[in-house]
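Worksheet: one structure, shown below.
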Amino acid sequence: MMRKFGFVGRPRVGGSGGGRTPWLGLAATSSAASAAGAILLAIAGLVASGPGAAGSVLFAAGIVIAFFALSLIAGHFAGRNNPSGAIGVFAVVYVLKVVGFAALLLWLGKPAWVAGPWFGAAGIATVVIWQTVEVLAFSRLRLQIFDDVPPTGSGRSDAAPSSGQEGPHA
């Protein structure tokens, strides 16, 4: 039987192992969906209002995708060595994202070519698409929360002793 291998010779399907995190996959899936939505909105902006609107859409979507992907990438690197610490990293990176995003917009100001309504609509649409795809993809993950209980000498787990009878016990 031939096994299919993914990136760098790792099996595509299998049990969870050390160093494997779902965060890069979530970032790729959410980025692709957000970029597709941005391209559709940019085409609509180009047809309706011209190149300035299309550029505004792509600029806003690019900023949102970059800042959202940062937290998942940081979670990936933190989660490889400390899976339970990834949530803390998400919280810290979230604060840095908000401050960084605000600083970037204040520092850049509004370029003359940016069409405000298209920029705002694209930012909101990209956030909604990203969050929707991320939540749906995350809901399909199967993350191990508790360690597996090692089997005892009899081959049965001591996690749930049973008398062999089904139903409530008196």
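By order in the structure tokens, chains are A, B, ...; within a chain, residues start at 1; ligands start at 1, following the order shown.
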
Taking 2 positions as the minimum chain separation for residues in the same chain, which residues sit within 9 Å of segment 111-114 of chain A when counting only C-alpha atoms? Answer as an MDAnalysis selection string.
chainID A and resid 52:53 55:57 59 108:109 116:119

Near-Ala44 of chain A list (12 Å; only C-alpha atoms; drop same-chain fewer than 2 positions) as a compact mmCIF listing (two decimals) with N, CA and C atoms, in the first residue's frame:
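Final output, saved to selection_37.txt:
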```txt
# COMPACT_ATOMS: atom_id res chain seq x y z
N GLY A 37 -12.82 36.68 -2.18
CA GLY A 37 -13.85 37.69 -1.96
C GLY A 37 -13.37 39.08 -2.35
N ALA A 38 -12.11 39.37 -2.03
CA ALA A 38 -11.54 40.68 -2.37
C ALA A 38 -11.44 40.86 -3.89
N ILE A 39 -11.07 39.81 -4.58
CA ILE A 39 -10.96 39.91 -6.04
C ILE A 39 -12.33 40.18 -6.66
N LEU A 40 -13.36 39.49 -6.17
CA LEU A 40 -14.71 39.73 -6.68
C LEU A 40 -15.16 41.16 -6.39
N LEU A 41 -14.88 41.64 -5.17
CA LEU A 41 -15.26 43.00 -4.81
C LEU A 41 -14.44 44.01 -5.60
N ALA A 42 -13.17 43.72 -5.87
CA ALA A 42 -12.33 44.62 -6.66
C ALA A 42 -12.85 44.72 -8.10
N LEU A 46 -14.04 48.07 -9.80
CA LEU A 46 -13.47 48.52 -11.07
C LEU A 46 -14.57 48.86 -12.07
N VAL A 47 -15.58 48.00 -12.15
CA VAL A 47 -16.69 48.23 -13.08
C VAL A 47 -17.53 49.43 -12.64
N ALA A 48 -17.79 49.53 -11.33
CA ALA A 48 -18.69 50.58 -10.84
C ALA A 48 -18.02 51.94 -10.70
N SER A 49 -16.77 51.96 -10.24
CA SER A 49 -16.16 53.25 -9.91
C SER A 49 -14.77 53.48 -10.47
N GLY A 50 -14.17 52.49 -11.07
CA GLY A 50 -12.86 52.69 -11.68
C GLY A 50 -11.71 52.07 -10.89
N PRO A 51 -10.49 52.29 -11.37
CA PRO A 51 -9.32 51.65 -10.77
C PRO A 51 -9.05 52.05 -9.33
N GLY A 52 -9.40 53.27 -8.95
CA GLY A 52 -9.20 53.70 -7.56
C GLY A 52 -9.99 52.84 -6.59
N ALA A 53 -11.21 52.48 -6.95
CA ALA A 53 -12.04 51.63 -6.10
C ALA A 53 -11.45 50.23 -6.02
N ALA A 54 -11.02 49.69 -7.16
CA ALA A 54 -10.44 48.36 -7.16
C ALA A 54 -9.16 48.33 -6.33
N GLY A 55 -8.32 49.34 -6.49
CA GLY A 55 -7.10 49.42 -5.69
C GLY A 55 -7.39 49.56 -4.20
N SER A 56 -8.42 50.32 -3.87
CA SER A 56 -8.81 50.49 -2.47
C SER A 56 -9.26 49.18 -1.86
N VAL A 57 -10.01 48.40 -2.63
CA VAL A 57 -10.47 47.09 -2.17
C VAL A 57 -9.29 46.18 -1.91
N LEU A 58 -8.37 46.10 -2.84
CA LEU A 58 -7.22 45.21 -2.70
C LEU A 58 -6.30 45.65 -1.57
N TRP A 118 -15.20 52.24 -0.64
CA TRP A 118 -14.75 50.93 -1.12
C TRP A 118 -13.74 50.32 -0.16
N ALA A 121 -15.79 49.17 2.92
CA ALA A 121 -16.60 47.99 2.60
C ALA A 121 -15.71 46.76 2.44
N ALA A 122 -14.56 46.93 1.81
CA ALA A 122 -13.65 45.80 1.62
C ALA A 122 -13.09 45.33 2.95
```

Interatomic distance (Å, one decimal) between atom CA of Ala115 of chain A and atom CA of Thr132 of chain A
25.7 Å

Nearest-residue call for Asn81 of chain A, choices A:Gly123, A:Thr21, A:Val149, A:Ala137, using only C-alpha atoms
A:Thr21

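If you look at atom CA of Ser139 of chain A and atom CA of Leu24 of chain A, they are 15.3 Å away from each other.
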
Just checking: using only C-alpha atoms, which residue out of A:Val64, A:Val92, A:Ile43, A:Leu26 ends up closest to Val128 of chain A?
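Closest residue, counting only C-alpha atoms: A:Val64.
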
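Proximity of A:Pro22, A:Gly45, A:Pro150, A:Gly120 to His76 of chain A, computed with only C-alpha atoms, is greatest for A:Pro22.
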